[in-house]
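Engineer: Pasting a structure here, questions to come.
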Amino acid sequence: MTTITLVAAALLLSSCTQNPITKAAAKPISVDAKTLADTRTVALQLRDQLGAKLHTEMAKNSPASAVGMCNISAPEIAAAVSKESGWQVGRIGTRIRNASNQPNNWQQAALDNFADKAKKGEKFDAMETYSVATENGKPVLYYAKAIGVQQPCLACHGKPENIPVDVKAILQEKYPNDQATGYVLGELRGAIVITRPL
Ligand code: HEC
């Protein structure tokens, strides 16, 4: 009797899962390897272009002149990479200097996820996360790649007492509400973020 009840229950359950509506709703939109690889490439493009420009400016001139470079060039480079790819590509911070780099809810959750992974010893270089969402009825991919604090970053994002006086003056002038100082080497700084259609 018990067996029969169980079999009946199992049949009922399996017939439920065969229901096409349930099946369609339960099936997540998957992200294929090429889509992910292309997205990652664009994130690295932004990182490398910014890094190269910063490196050249710091080597050629000074951190103070590089602040001016970052102030104008960083948003410009992000805009150029966005235009070229047709996606929204930018940077966010755990604390921000430029108010337009404020993370949205999904991006904040990504930063929390990276901070947890870092506590477990995972390296920032290999850290990324993504999910599929729907915007205006169409599937989009949200992607984030972690950015860690390295030595050269400290001239502009380190402890205030270690930031050169001339750099501090420019930062105060251009970013009176700057929150992006006080970082230490190896800390999570933020992420490169991409929103793109699928
Ligand atoms: C010469 C000064 C300077 C150096 C060095 C520097 N930054 Fe910045 N950083 C800035 C300025 C200025 C901004 C705001 C410009 C922008 O991106 O909108 C900024 C913004 C950022 C942001 C975006 C979030 C926010 O706070 O607005 C991230 C992420 C970031 N920097 C990471 C780094 C990392 C990582 C390094 C080291 C590899 C670094 N920065 C080195 C000046 C600097």
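Letters A, B, ... go to the chains of the structure tokens in the order shown; residues in each chain start at 1; ligands are counted from 1 in the same order.
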Skip A:Gln172 itself and residues of its chain fewer than 4 positions away, then list as a list of chain:residue names all residues within 12 Å of it, counting only C-alpha atoms.
Structural biologist: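 Everything that qualifies: A:Ala64, A:Val67, A:Arg97, A:Cys156, A:Pro160, A:Ile163, A:Val165, A:Asp166, A:Val167, A:Lys168, A:Pro176, A:Asn177, A:Asp178, A:Gln179, A:Ala180, A:Thr181.
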Engineer: With 7 Å as the cut-off and only C-alpha atoms and all ligand atoms counted, what is the closest atom pair between each nearby residue of chain A and ligand 1? Distances in Å to one decimal, ordered by chain and number, as JSON lines.
Structural biologist:
{"residue": "A:Gly51", "atom": "CA", "partner": "ligand 1", "partner_atom_place_in_ligand_line": "38 (C)", "distance": 6.4}
{"residue": "A:Leu54", "atom": "CA", "partner": "ligand 1", "partner_atom_place_in_ligand_line": "5 (C)", "distance": 6.7}
{"residue": "A:Met58", "atom": "CA", "partner": "ligand 1", "partner_atom_place_in_ligand_line": "1 (C)", "distance": 6.9}
{"residue": "A:Pro63", "atom": "CA", "partner": "ligand 1", "partner_atom_place_in_ligand_line": "1 (C)", "distance": 4.5}
{"residue": "A:Ala64", "atom": "CA", "partner": "ligand 1", "partner_atom_place_in_ligand_line": "1 (C)", "distance": 6.1}
{"residue": "A:Ser65", "atom": "CA", "partner": "ligand 1", "partner_atom_place_in_ligand_line": "1 (C)", "distance": 7.0}
{"residue": "A:Ala66", "atom": "CA", "partner": "ligand 1", "partner_atom_place_in_ligand_line": "1 (C)", "distance": 4.0}
{"residue": "A:Val67", "atom": "CA", "partner": "ligand 1", "partner_atom_place_in_ligand_line": "1 (C)", "distance": 3.9}
{"residue": "A:Gly68", "atom": "CA", "partner": "ligand 1", "partner_atom_place_in_ligand_line": "12 (C)", "distance": 6.7}
{"residue": "A:Cys70", "atom": "CA", "partner": "ligand 1", "partner_atom_place_in_ligand_line": "12 (C)", "distance": 4.6}
{"residue": "A:Asn71", "atom": "CA", "partner": "ligand 1", "partner_atom_place_in_ligand_line": "12 (C)", "distance": 4.3}
{"residue": "A:Ala74", "atom": "CA", "partner": "ligand 1", "partner_atom_place_in_ligand_line": "17 (O)", "distance": 4.6}
{"residue": "A:Pro75", "atom": "CA", "partner": "ligand 1", "partner_atom_place_in_ligand_line": "18 (O)", "distance": 5.2}
{"residue": "A:Arg91", "atom": "CA", "partner": "ligand 1", "partner_atom_place_in_ligand_line": "23 (C)", "distance": 5.0}
{"residue": "A:Ile92", "atom": "CA", "partner": "ligand 1", "partner_atom_place_in_ligand_line": "24 (C)", "distance": 4.6}
{"residue": "A:Gly93", "atom": "CA", "partner": "ligand 1", "partner_atom_place_in_ligand_line": "24 (C)", "distance": 4.1}
{"residue": "A:Arg95", "atom": "CA", "partner": "ligand 1", "partner_atom_place_in_ligand_line": "26 (O)", "distance": 5.9}
{"residue": "A:Ile96", "atom": "CA", "partner": "ligand 1", "partner_atom_place_in_ligand_line": "26 (O)", "distance": 3.3}
{"residue": "A:Arg97", "atom": "CA", "partner": "ligand 1", "partner_atom_place_in_ligand_line": "26 (O)", "distance": 3.7}
{"residue": "A:Asn98", "atom": "CA", "partner": "ligand 1", "partner_atom_place_in_ligand_line": "27 (O)", "distance": 3.8}
{"residue": "A:Ala99", "atom": "CA", "partner": "ligand 1", "partner_atom_place_in_ligand_line": "27 (O)", "distance": 6.4}
{"residue": "A:Asn101", "atom": "CA", "partner": "ligand 1", "partner_atom_place_in_ligand_line": "27 (O)", "distance": 4.9}
{"residue": "A:Ile147", "atom": "CA", "partner": "ligand 1", "partner_atom_place_in_ligand_line": "35 (C)", "distance": 5.7}
{"residue": "A:Gly148", "atom": "CA", "partner": "ligand 1", "partner_atom_place_in_ligand_line": "35 (C)", "distance": 5.6}
{"residue": "A:Val149", "atom": "CA", "partner": "ligand 1", "partner_atom_place_in_ligand_line": "35 (C)", "distance": 4.9}
{"residue": "A:Gln150", "atom": "CA", "partner": "ligand 1", "partner_atom_place_in_ligand_line": "37 (C)", "distance": 5.5}
{"residue": "A:Pro152", "atom": "CA", "partner": "ligand 1", "partner_atom_place_in_ligand_line": "37 (C)", "distance": 5.4}
{"residue": "A:Cys153", "atom": "CA", "partner": "ligand 1", "partner_atom_place_in_ligand_line": "37 (C)", "distance": 3.4}
{"residue": "A:Leu154", "atom": "CA", "partner": "ligand 1", "partner_atom_place_in_ligand_line": "5 (C)", "distance": 6.5}
{"residue": "A:Ala155", "atom": "CA", "partner": "ligand 1", "partner_atom_place_in_ligand_line": "5 (C)", "distance": 5.4}
{"residue": "A:Cys156", "atom": "CA", "partner": "ligand 1", "partner_atom_place_in_ligand_line": "2 (C)", "distance": 4.4}
{"residue": "A:His157", "atom": "CA", "partner": "ligand 1", "partner_atom_place_in_ligand_line": "7 (N)", "distance": 6.4}
{"residue": "A:Leu171", "atom": "CA", "partner": "ligand 1", "partner_atom_place_in_ligand_line": "12 (C)", "distance": 6.9}
{"residue": "A:Ala180", "atom": "CA", "partner": "ligand 1", "partner_atom_place_in_ligand_line": "26 (O)", "distance": 5.1}
{"residue": "A:Arg189", "atom": "CA", "partner": "ligand 1", "partner_atom_place_in_ligand_line": "29 (C)", "distance": 5.6}
{"residue": "A:Gly190", "atom": "CA", "partner": "ligand 1", "partner_atom_place_in_ligand_line": "29 (C)", "distance": 4.7}
{"residue": "A:Ala191", "atom": "CA", "partner": "ligand 1", "partner_atom_place_in_ligand_line": "29 (C)", "distance": 5.9}
Engineer: List the spatial neighbours of stretch 76-80 of chain A as a list in words - criterion: any atom at most 9 Å away, only C-alpha atoms, same-chain residues fewer than 2 positions off excluded.
Structural biologist: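 What passes the distance filter is Leu46, Gln49, Leu50, Ile72, Ser73, Ala74, Ser82, Lys83, Glu84, Ser85, Gln88, Val89, Gly90 and Arg91 of chain A.
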Engineer: Considering only C-alpha atoms, can you say which of A:Ala146, A:Ala109, A:Ala133, A:Leu141 comes closest to A:Leu36?
Structural biologist: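 For A:Leu36, the nearest of the given residues is A:Leu141.
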Engineer: Just list the residues in stretch 48-167 of chain A DSSP gives strand (DSSP E or B) on the backbone, as a VMD selection string.
Structural biologist: chain A and resid 88 to 93 128 to 135 138 to 148
Engineer: Counting only C-alpha atoms, figure out which residue out of A:Val193, A:Ala118, A:Ala52, A:Ala59 gets nearest to A:Tyr130.
Structural biologist: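 Counting only C-alpha atoms, the residue closest to A:Tyr130 is A:Val193.
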Engineer: Please identify the helix (DSSP H, G or I) residues within stretch 12-188 of chain A (assignment by DSSP from backbone atoms) and present them as a JSON list (two decimals) with N, CA and C atoms, in the first residue's frame.
Structural biologist:
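In the end it all went to result26.json:
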[["chain", "number", "residue", "atom", "x", "y", "z"],
["A", 12, "LEU", "N", 3.36, 11.54, -10.00],
["A", 12, "LEU", "CA", 2.76, 12.87, -9.96],
["A", 12, "LEU", "C", 3.86, 13.93, -10.05],
["A", 13, "LEU", "N", 4.90, 13.69, -9.25],
["A", 13, "LEU", "CA", 6.02, 14.65, -9.23],
["A", 13, "LEU", "C", 6.68, 14.75, -10.59],
["A", 14, "SER", "N", 6.94, 13.52, -11.19],
["A", 14, "SER", "CA", 7.64, 13.56, -12.47],
["A", 14, "SER", "C", 6.76, 14.18, -13.54],
["A", 15, "SER", "N", 5.43, 13.95, -13.44],
["A", 15, "SER", "CA", 4.58, 14.57, -14.45],
["A", 15, "SER", "C", 4.60, 16.09, -14.28],
["A", 16, "CYS", "N", 4.74, 16.53, -13.04],
["A", 16, "CYS", "CA", 4.83, 17.97, -12.79],
["A", 16, "CYS", "C", 6.06, 18.55, -13.46],
["A", 17, "THR", "N", 7.19, 17.85, -13.30],
["A", 17, "THR", "CA", 8.42, 18.42, -13.84],
["A", 17, "THR", "C", 8.42, 18.36, -15.37],
["A", 18, "GLN", "N", 7.55, 17.51, -15.94],
["A", 18, "GLN", "CA", 7.48, 17.46, -17.41],
["A", 18, "GLN", "C", 6.62, 18.59, -17.96],
["A", 20, "PRO", "N", 5.54, 21.65, -19.52],
["A", 20, "PRO", "CA", 6.41, 22.54, -20.31],
["A", 20, "PRO", "C", 6.57, 23.93, -19.69],
["A", 21, "ILE", "N", 5.53, 24.41, -19.04],
["A", 21, "ILE", "CA", 5.64, 25.77, -18.47],
["A", 21, "ILE", "C", 6.66, 25.78, -17.34],
["A", 22, "THR", "N", 6.53, 24.77, -16.44],
["A", 22, "THR", "CA", 7.47, 24.67, -15.33],
["A", 22, "THR", "C", 8.89, 24.54, -15.86],
["A", 23, "LYS", "N", 9.01, 23.72, -16.89],
["A", 23, "LYS", "CA", 10.34, 23.45, -17.44],
["A", 23, "LYS", "C", 10.97, 24.74, -18.00],
["A", 24, "ALA", "N", 10.18, 25.47, -18.78],
["A", 24, "ALA", "CA", 10.71, 26.69, -19.38],
["A", 24, "ALA", "C", 11.11, 27.69, -18.31],
["A", 25, "ALA", "N", 10.27, 27.81, -17.27],
["A", 25, "ALA", "CA", 10.54, 28.80, -16.24],
["A", 25, "ALA", "C", 11.78, 28.41, -15.43],
["A", 26, "ALA", "N", 11.96, 27.09, -15.27],
["A", 26, "ALA", "CA", 13.07, 26.64, -14.42],
["A", 26, "ALA", "C", 14.40, 26.68, -15.16],
["A", 33, "ALA", "N", 30.66, 29.72, -23.51],
["A", 33, "ALA", "CA", 32.06, 30.03, -23.22],
["A", 33, "ALA", "C", 32.56, 31.21, -24.06],
["A", 34, "LYS", "N", 32.09, 31.32, -25.32],
["A", 34, "LYS", "CA", 32.59, 32.39, -26.18],
["A", 34, "LYS", "C", 32.09, 33.76, -25.69],
["A", 35, "THR", "N", 30.82, 33.82, -25.32],
["A", 35, "THR", "CA", 30.25, 35.07, -24.81],
["A", 35, "THR", "C", 31.04, 35.53, -23.60],
["A", 36, "LEU", "N", 31.33, 34.58, -22.72],
["A", 36, "LEU", "CA", 32.05, 34.91, -21.50],
["A", 36, "LEU", "C", 33.48, 35.37, -21.82],
["A", 37, "ALA", "N", 34.12, 34.64, -22.75],
["A", 37, "ALA", "CA", 35.51, 34.99, -23.11],
["A", 37, "ALA", "C", 35.56, 36.37, -23.75],
["A", 38, "ASP", "N", 34.60, 36.70, -24.61],
["A", 38, "ASP", "CA", 34.56, 38.02, -25.25],
["A", 38, "ASP", "C", 34.37, 39.12, -24.21],
["A", 39, "THR", "N", 33.52, 38.85, -23.24],
["A", 39, "THR", "CA", 33.23, 39.84, -22.20],
["A", 39, "THR", "C", 34.50, 40.09, -21.37],
["A", 40, "ARG", "N", 35.16, 38.99, -21.04],
["A", 40, "ARG", "CA", 36.40, 39.06, -20.25],
["A", 40, "ARG", "C", 37.46, 39.85, -21.02],
["A", 41, "THR", "N", 37.56, 39.62, -22.32],
["A", 41, "THR", "CA", 38.55, 40.32, -23.14],
["A", 41, "THR", "C", 38.33, 41.83, -23.09],
["A", 42, "VAL", "N", 37.08, 42.25, -23.16],
["A", 42, "VAL", "CA", 36.78, 43.69, -23.13],
["A", 42, "VAL", "C", 37.13, 44.27, -21.75],
["A", 43, "ALA", "N", 36.87, 43.52, -20.69],
["A", 43, "ALA", "CA", 37.21, 43.99, -19.33],
["A", 43, "ALA", "C", 38.73, 44.17, -19.22],
["A", 44, "LEU", "N", 39.47, 43.22, -19.77],
["A", 44, "LEU", "CA", 40.94, 43.31, -19.70],
["A", 44, "LEU", "C", 41.46, 44.46, -20.56],
["A", 45, "GLN", "N", 40.75, 44.71, -21.66],
["A", 45, "GLN", "CA", 41.11, 45.82, -22.54],
["A", 45, "GLN", "C", 41.05, 47.14, -21.76],
["A", 46, "LEU", "N", 40.00, 47.34, -21.01],
["A", 46, "LEU", "CA", 39.87, 48.57, -20.22],
["A", 46, "LEU", "C", 40.99, 48.62, -19.17],
["A", 47, "ARG", "N", 41.21, 47.50, -18.49],
["A", 47, "ARG", "CA", 42.24, 47.48, -17.45],
["A", 47, "ARG", "C", 43.61, 47.81, -18.04],
["A", 48, "ASP", "N", 43.94, 47.17, -19.18],
["A", 48, "ASP", "CA", 45.27, 47.35, -19.75],
["A", 48, "ASP", "C", 45.46, 48.74, -20.33],
["A", 49, "GLN", "N", 44.42, 49.26, -20.98],
["A", 49, "GLN", "CA", 44.55, 50.61, -21.55],
["A", 49, "GLN", "C", 44.75, 51.66, -20.46],
["A", 50, "LEU", "N", 43.99, 51.53, -19.37],
["A", 50, "LEU", "CA", 44.13, 52.46, -18.25],
["A", 50, "LEU", "C", 45.49, 52.31, -17.61],
["A", 51, "GLY", "N", 45.90, 51.06, -17.40],
["A", 51, "GLY", "CA", 47.17, 50.77, -16.74],
["A", 51, "GLY", "C", 48.34, 51.34, -17.54],
["A", 52, "ALA", "N", 48.31, 51.16, -18.86],
["A", 52, "ALA", "CA", 49.40, 51.63, -19.71],
["A", 52, "ALA", "C", 49.49, 53.15, -19.66],
["A", 53, "LYS", "N", 48.35, 53.81, -19.73],
["A", 53, "LYS", "CA", 48.31, 55.27, -19.73],
["A", 53, "LYS", "C", 48.81, 55.81, -18.38],
["A", 54, "LEU", "N", 48.38, 55.18, -17.32],
["A", 54, "LEU", "CA", 48.79, 55.61, -15.98],
["A", 54, "LEU", "C", 50.29, 55.42, -15.80],
["A", 55, "HIS", "N", 50.77, 54.28, -16.24],
["A", 55, "HIS", "CA", 52.19, 53.96, -16.11],
["A", 55, "HIS", "C", 53.04, 54.98, -16.86],
["A", 56, "THR", "N", 52.67, 55.28, -18.10],
["A", 56, "THR", "CA", 53.42, 56.24, -18.91],
["A", 56, "THR", "C", 53.44, 57.60, -18.24],
["A", 57, "GLU", "N", 52.30, 58.05, -17.79],
["A", 57, "GLU", "CA", 52.19, 59.38, -17.19],
["A", 57, "GLU", "C", 52.99, 59.49, -15.89],
["A", 58, "MET", "N", 52.93, 58.44, -15.08],
["A", 58, "MET", "CA", 53.64, 58.46, -13.80],
["A", 58, "MET", "C", 55.15, 58.43, -14.04],
["A", 59, "ALA", "N", 55.58, 57.67, -15.06],
["A", 59, "ALA", "CA", 57.01, 57.54, -15.34],
["A", 59, "ALA", "C", 57.53, 58.82, -15.98],
["A", 60, "LYS", "N", 56.74, 59.40, -16.88],
["A", 60, "LYS", "CA", 57.18, 60.56, -17.64],
["A", 60, "LYS", "C", 57.11, 61.83, -16.79],
["A", 63, "PRO", "N", 53.07, 61.72, -10.13],
["A", 63, "PRO", "CA", 51.71, 61.30, -9.73],
["A", 63, "PRO", "C", 50.73, 62.47, -9.82],
["A", 64, "ALA", "N", 51.23, 63.69, -9.51],
["A", 64, "ALA", "CA", 50.33, 64.85, -9.54],
["A", 64, "ALA", "C", 49.78, 65.08, -10.94],
["A", 65, "SER", "N", 50.64, 64.98, -11.96],
["A", 65, "SER", "CA", 50.14, 65.19, -13.32],
["A", 65, "SER", "C", 49.28, 64.00, -13.75],
["A", 66, "ALA", "N", 49.60, 62.82, -13.19],
["A", 66, "ALA", "CA", 48.80, 61.63, -13.53],
["A", 66, "ALA", "C", 47.38, 61.73, -12.97],
["A", 67, "VAL", "N", 47.19, 62.49, -11.90],
["A", 67, "VAL", "CA", 45.82, 62.66, -11.38],
["A", 67, "VAL", "C", 44.97, 63.35, -12.45],
["A", 68, "GLY", "N", 45.55, 64.39, -13.05],
["A", 68, "GLY", "CA", 44.85, 65.11, -14.11],
["A", 68, "GLY", "C", 44.54, 64.16, -15.27],
["A", 69, "MET", "N", 45.50, 63.29, -15.57],
["A", 69, "MET", "CA", 45.34, 62.31, -16.64],
["A", 69, "MET", "C", 44.17, 61.38, -16.29],
["A", 70, "CYS", "N", 44.17, 60.84, -15.06],
["A", 70, "CYS", "CA", 43.11, 59.91, -14.64],
["A", 70, "CYS", "C", 41.76, 60.59, -14.63],
["A", 71, "ASN", "N", 41.78, 61.82, -14.15],
["A", 71, "ASN", "CA", 40.55, 62.59, -14.04],
["A", 71, "ASN", "C", 39.83, 62.70, -15.38],
["A", 72, "ILE", "N", 40.62, 62.96, -16.43],
["A", 72, "ILE", "CA", 40.00, 63.12, -17.74],
["A", 72, "ILE", "C", 40.02, 61.82, -18.53],
["A", 73, "SER", "N", 41.17, 61.13, -18.51],
["A", 73, "SER", "CA", 41.33, 59.97, -19.39],
["A", 73, "SER", "C", 40.55, 58.73, -18.95],
["A", 74, "ALA", "N", 40.45, 58.48, -17.64],
["A", 74, "ALA", "CA", 39.80, 57.23, -17.21],
["A", 74, "ALA", "C", 38.35, 57.16, -17.71],
["A", 75, "PRO", "N", 37.53, 58.22, -17.46],
["A", 75, "PRO", "CA", 36.17, 58.14, -18.01],
["A", 75, "PRO", "C", 36.16, 58.10, -19.54],
["A", 76, "GLU", "N", 37.14, 58.80, -20.17],
["A", 76, "GLU", "CA", 37.19, 58.80, -21.65],
["A", 76, "GLU", "C", 37.51, 57.42, -22.21],
["A", 77, "ILE", "N", 38.50, 56.76, -21.58],
["A", 77, "ILE", "CA", 38.87, 55.41, -22.05],
["A", 77, "ILE", "C", 37.70, 54.45, -21.86],
["A", 78, "ALA", "N", 37.03, 54.56, -20.72],
["A", 78, "ALA", "CA", 35.86, 53.69, -20.47],
["A", 78, "ALA", "C", 34.77, 53.95, -21.51],
["A", 79, "ALA", "N", 34.59, 55.23, -21.86],
["A", 79, "ALA", "CA", 33.57, 55.58, -22.86],
["A", 79, "ALA", "C", 33.96, 55.02, -24.23],
["A", 80, "ALA", "N", 35.27, 55.08, -24.56],
["A", 80, "ALA", "CA", 35.73, 54.58, -25.87],
["A", 80, "ALA", "C", 35.56, 53.06, -25.95],
["A", 81, "VAL", "N", 35.91, 52.36, -24.86],
["A", 81, "VAL", "CA", 35.76, 50.89, -24.86],
["A", 81, "VAL", "C", 34.27, 50.52, -24.93],
["A", 82, "SER", "N", 33.44, 51.31, -24.27],
["A", 82, "SER", "CA", 31.99, 51.05, -24.33],
["A", 82, "SER", "C", 31.48, 51.23, -25.76],
["A", 83, "LYS", "N", 31.94, 52.30, -26.41],
["A", 83, "LYS", "CA", 31.47, 52.61, -27.76],
["A", 83, "LYS", "C", 31.89, 51.51, -28.73],
["A", 84, "GLU", "N", 33.14, 51.11, -28.61],
["A", 84, "GLU", "CA", 33.69, 50.10, -29.52],
["A", 84, "GLU", "C", 32.98, 48.76, -29.36],
["A", 85, "SER", "N", 32.70, 48.38, -28.11],
["A", 85, "SER", "CA", 32.07, 47.08, -27.88],
["A", 85, "SER", "C", 30.54, 47.16, -28.01],
["A", 99, "ALA", "N", 31.74, 60.13, -8.33],
["A", 99, "ALA", "CA", 30.37, 59.71, -7.97],
["A", 99, "ALA", "C", 29.72, 58.86, -9.06],
["A", 100, "SER", "N", 30.17, 58.98, -10.32],
["A", 100, "SER", "CA", 29.52, 58.18, -11.36],
["A", 100, "SER", "C", 30.02, 56.73, -11.35],
["A", 101, "ASN", "N", 30.96, 56.41, -10.45],
["A", 101, "ASN", "CA", 31.45, 55.01, -10.35],
["A", 101, "ASN", "C", 30.79, 54.26, -9.19],
["A", 105, "ASN", "N", 23.02, 47.70, -7.27],
["A", 105, "ASN", "CA", 22.82, 46.61, -6.30],
["A", 105, "ASN", "C", 23.54, 45.34, -6.69],
["A", 106, "TRP", "N", 23.43, 44.97, -7.98],
["A", 106, "TRP", "CA", 24.10, 43.74, -8.42],
["A", 106, "TRP", "C", 25.61, 43.88, -8.27],
["A", 107, "GLN", "N", 26.13, 45.03, -8.65],
["A", 107, "GLN", "CA", 27.59, 45.26, -8.59],
["A", 107, "GLN", "C", 28.08, 45.28, -7.14],
["A", 108, "GLN", "N", 27.27, 45.83, -6.23],
["A", 108, "GLN", "CA", 27.64, 45.82, -4.81],
["A", 108, "GLN", "C", 27.72, 44.37, -4.30],
["A", 109, "ALA", "N", 26.76, 43.55, -4.72],
["A", 109, "ALA", "CA", 26.77, 42.13, -4.31],
["A", 109, "ALA", "C", 28.02, 41.45, -4.86],
["A", 110, "ALA", "N", 28.43, 41.83, -6.09],
["A", 110, "ALA", "CA", 29.64, 41.25, -6.69],
["A", 110, "ALA", "C", 30.86, 41.63, -5.85],
["A", 111, "LEU", "N", 30.93, 42.89, -5.41],
["A", 111, "LEU", "CA", 32.06, 43.33, -4.57],
["A", 111, "LEU", "C", 32.08, 42.55, -3.25],
["A", 112, "ASP", "N", 30.90, 42.34, -2.66],
["A", 112, "ASP", "CA", 30.83, 41.57, -1.40],
["A", 112, "ASP", "C", 31.33, 40.15, -1.63],
["A", 113, "ASN", "N", 30.94, 39.58, -2.77],
["A", 113, "ASN", "CA", 31.37, 38.24, -3.14],
["A", 113, "ASN", "C", 32.90, 38.17, -3.29],
["A", 114, "PHE", "N", 33.49, 39.20, -3.93],
["A", 114, "PHE", "CA", 34.95, 39.25, -4.10],
["A", 114, "PHE", "C", 35.65, 39.37, -2.75],
["A", 115, "ALA", "N", 35.08, 40.20, -1.86],
["A", 115, "ALA", "CA", 35.70, 40.39, -0.54],
["A", 115, "ALA", "C", 35.70, 39.05, 0.22],
["A", 116, "ASP", "N", 34.62, 38.29, 0.11],
["A", 116, "ASP", "CA", 34.56, 36.97, 0.76],
["A", 116, "ASP", "C", 35.61, 36.03, 0.20],
["A", 117, "LYS", "N", 35.72, 36.03, -1.14],
["A", 117, "LYS", "CA", 36.69, 35.15, -1.79],
["A", 117, "LYS", "C", 38.11, 35.52, -1.39],
["A", 118, "ALA", "N", 38.38, 36.84, -1.29],
["A", 118, "ALA", "CA", 39.72, 37.30, -0.91],
["A", 118, "ALA", "C", 40.06, 36.82, 0.49],
["A", 119, "LYS", "N", 39.07, 36.82, 1.39],
["A", 119, "LYS", "CA", 39.30, 36.34, 2.75],
["A", 119, "LYS", "C", 39.72, 34.88, 2.74],
["A", 124, "PHE", "N", 42.95, 38.18, -6.75],
["A", 124, "PHE", "CA", 42.05, 39.06, -7.49],
["A", 124, "PHE", "C", 42.09, 38.81, -9.00],
["A", 125, "ASP", "N", 43.27, 38.46, -9.51],
["A", 125, "ASP", "CA", 43.42, 38.26, -10.96],
["A", 125, "ASP", "C", 42.43, 37.25, -11.52],
["A", 126, "ALA", "N", 42.15, 36.21, -10.73],
["A", 126, "ALA", "CA", 41.28, 35.14, -11.23],
["A", 126, "ALA", "C", 39.82, 35.35, -10.83],
["A", 151, "GLN", "N", 51.08, 48.45, -5.64],
["A", 151, "GLN", "CA", 51.95, 49.51, -5.13],
["A", 151, "GLN", "C", 51.71, 50.89, -5.78],
["A", 152, "PRO", "N", 51.71, 50.99, -7.14],
["A", 152, "PRO", "CA", 51.56, 52.32, -7.75],
["A", 152, "PRO", "C", 50.24, 53.01, -7.41],
["A", 153, "CYS", "N", 49.24, 52.25, -7.04],
["A", 153, "CYS", "CA", 47.92, 52.83, -6.74],
["A", 153, "CYS", "C", 47.96, 53.67, -5.46],
["A", 154, "LEU", "N", 48.92, 53.34, -4.58],
["A", 154, "LEU", "CA", 48.93, 53.97, -3.25],
["A", 154, "LEU", "C", 49.21, 55.47, -3.30],
["A", 155, "ALA", "N", 49.91, 55.93, -4.34],
["A", 155, "ALA", "CA", 50.20, 57.36, -4.47],
["A", 155, "ALA", "C", 48.91, 58.17, -4.51],
["A", 156, "CYS", "N", 47.84, 57.58, -5.00],
["A", 156, "CYS", "CA", 46.57, 58.30, -5.11],
["A", 156, "CYS", "C", 45.42, 57.68, -4.31],
["A", 157, "HIS", "N", 45.60, 56.44, -3.85],
["A", 157, "HIS", "CA", 44.51, 55.77, -3.11],
["A", 157, "HIS", "C", 44.96, 55.27, -1.74],
["A", 160, "PRO", "N", 46.11, 58.74, 3.62],
["A", 160, "PRO", "CA", 46.30, 60.17, 3.35],
["A", 160, "PRO", "C", 47.70, 60.66, 3.71],
["A", 161, "GLU", "N", 48.26, 60.16, 4.80],
["A", 161, "GLU", "CA", 49.60, 60.64, 5.20],
["A", 161, "GLU", "C", 50.69, 60.18, 4.23],
["A", 162, "ASN", "N", 50.39, 59.18, 3.39],
["A", 162, "ASN", "CA", 51.39, 58.71, 2.43],
["A", 162, "ASN", "C", 51.16, 59.25, 1.02],
["A", 165, "VAL", "N", 51.89, 65.60, -1.09],
["A", 165, "VAL", "CA", 51.10, 66.81, -0.81],
["A", 165, "VAL", "C", 50.47, 67.41, -2.07],
["A", 166, "ASP", "N", 51.26, 67.44, -3.17],
["A", 166, "ASP", "CA", 50.70, 68.05, -4.40],
["A", 166, "ASP", "C", 49.55, 67.21, -4.96],
["A", 167, "VAL", "N", 49.64, 65.87, -4.81],
["A", 167, "VAL", "CA", 48.58, 64.98, -5.29],
["A", 167, "VAL", "C", 47.32, 65.23, -4.45],
["A", 168, "LYS", "N", 47.53, 65.33, -3.13],
["A", 168, "LYS", "CA", 46.40, 65.54, -2.22],
["A", 168, "LYS", "C", 45.67, 66.83, -2.57],
["A", 169, "ALA", "N", 46.45, 67.88, -2.90],
["A", 169, "ALA", "CA", 45.83, 69.18, -3.22],
["A", 169, "ALA", "C", 44.94, 69.06, -4.46],
["A", 170, "ILE", "N", 45.45, 68.37, -5.49],
["A", 170, "ILE", "CA", 44.65, 68.23, -6.73],
["A", 170, "ILE", "C", 43.41, 67.38, -6.46],
["A", 171, "LEU", "N", 43.61, 66.31, -5.70],
["A", 171, "LEU", "CA", 42.46, 65.43, -5.41],
["A", 171, "LEU", "C", 41.37, 66.21, -4.67],
["A", 172, "GLN", "N", 41.81, 67.02, -3.69],
["A", 172, "GLN", "CA", 40.82, 67.79, -2.92],
["A", 172, "GLN", "C", 40.07, 68.78, -3.80],
["A", 173, "GLU", "N", 40.81, 69.35, -4.75],
["A", 173, "GLU", "CA", 40.18, 70.33, -5.63],
["A", 173, "GLU", "C", 39.19, 69.66, -6.59],
["A", 174, "LYS", "N", 39.62, 68.53, -7.19],
["A", 174, "LYS", "CA", 38.77, 67.88, -8.19],
["A", 174, "LYS", "C", 37.69, 66.99, -7.58]]
Engineer: Take atom CA of A:Ser30 and atom CA of A:Val132 and report the distance between them in Å, one decimal.
Structural biologist: 7.8 Å
Engineer: Choose the residue, out of A:Gly182, A:Pro103, A:Gly86, A:Gly121, that has the smallest atom-to-atom separation from A:Lys159; count only C-alpha atoms.
Structural biologist: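 Selected residue with least distance to A:Lys159: A:Gly182.
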Engineer: By how many Å are atom CA of A:Leu185 and atom CA of A:Gly158 apart?
Structural biologist: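 The value is 8.3 Å.
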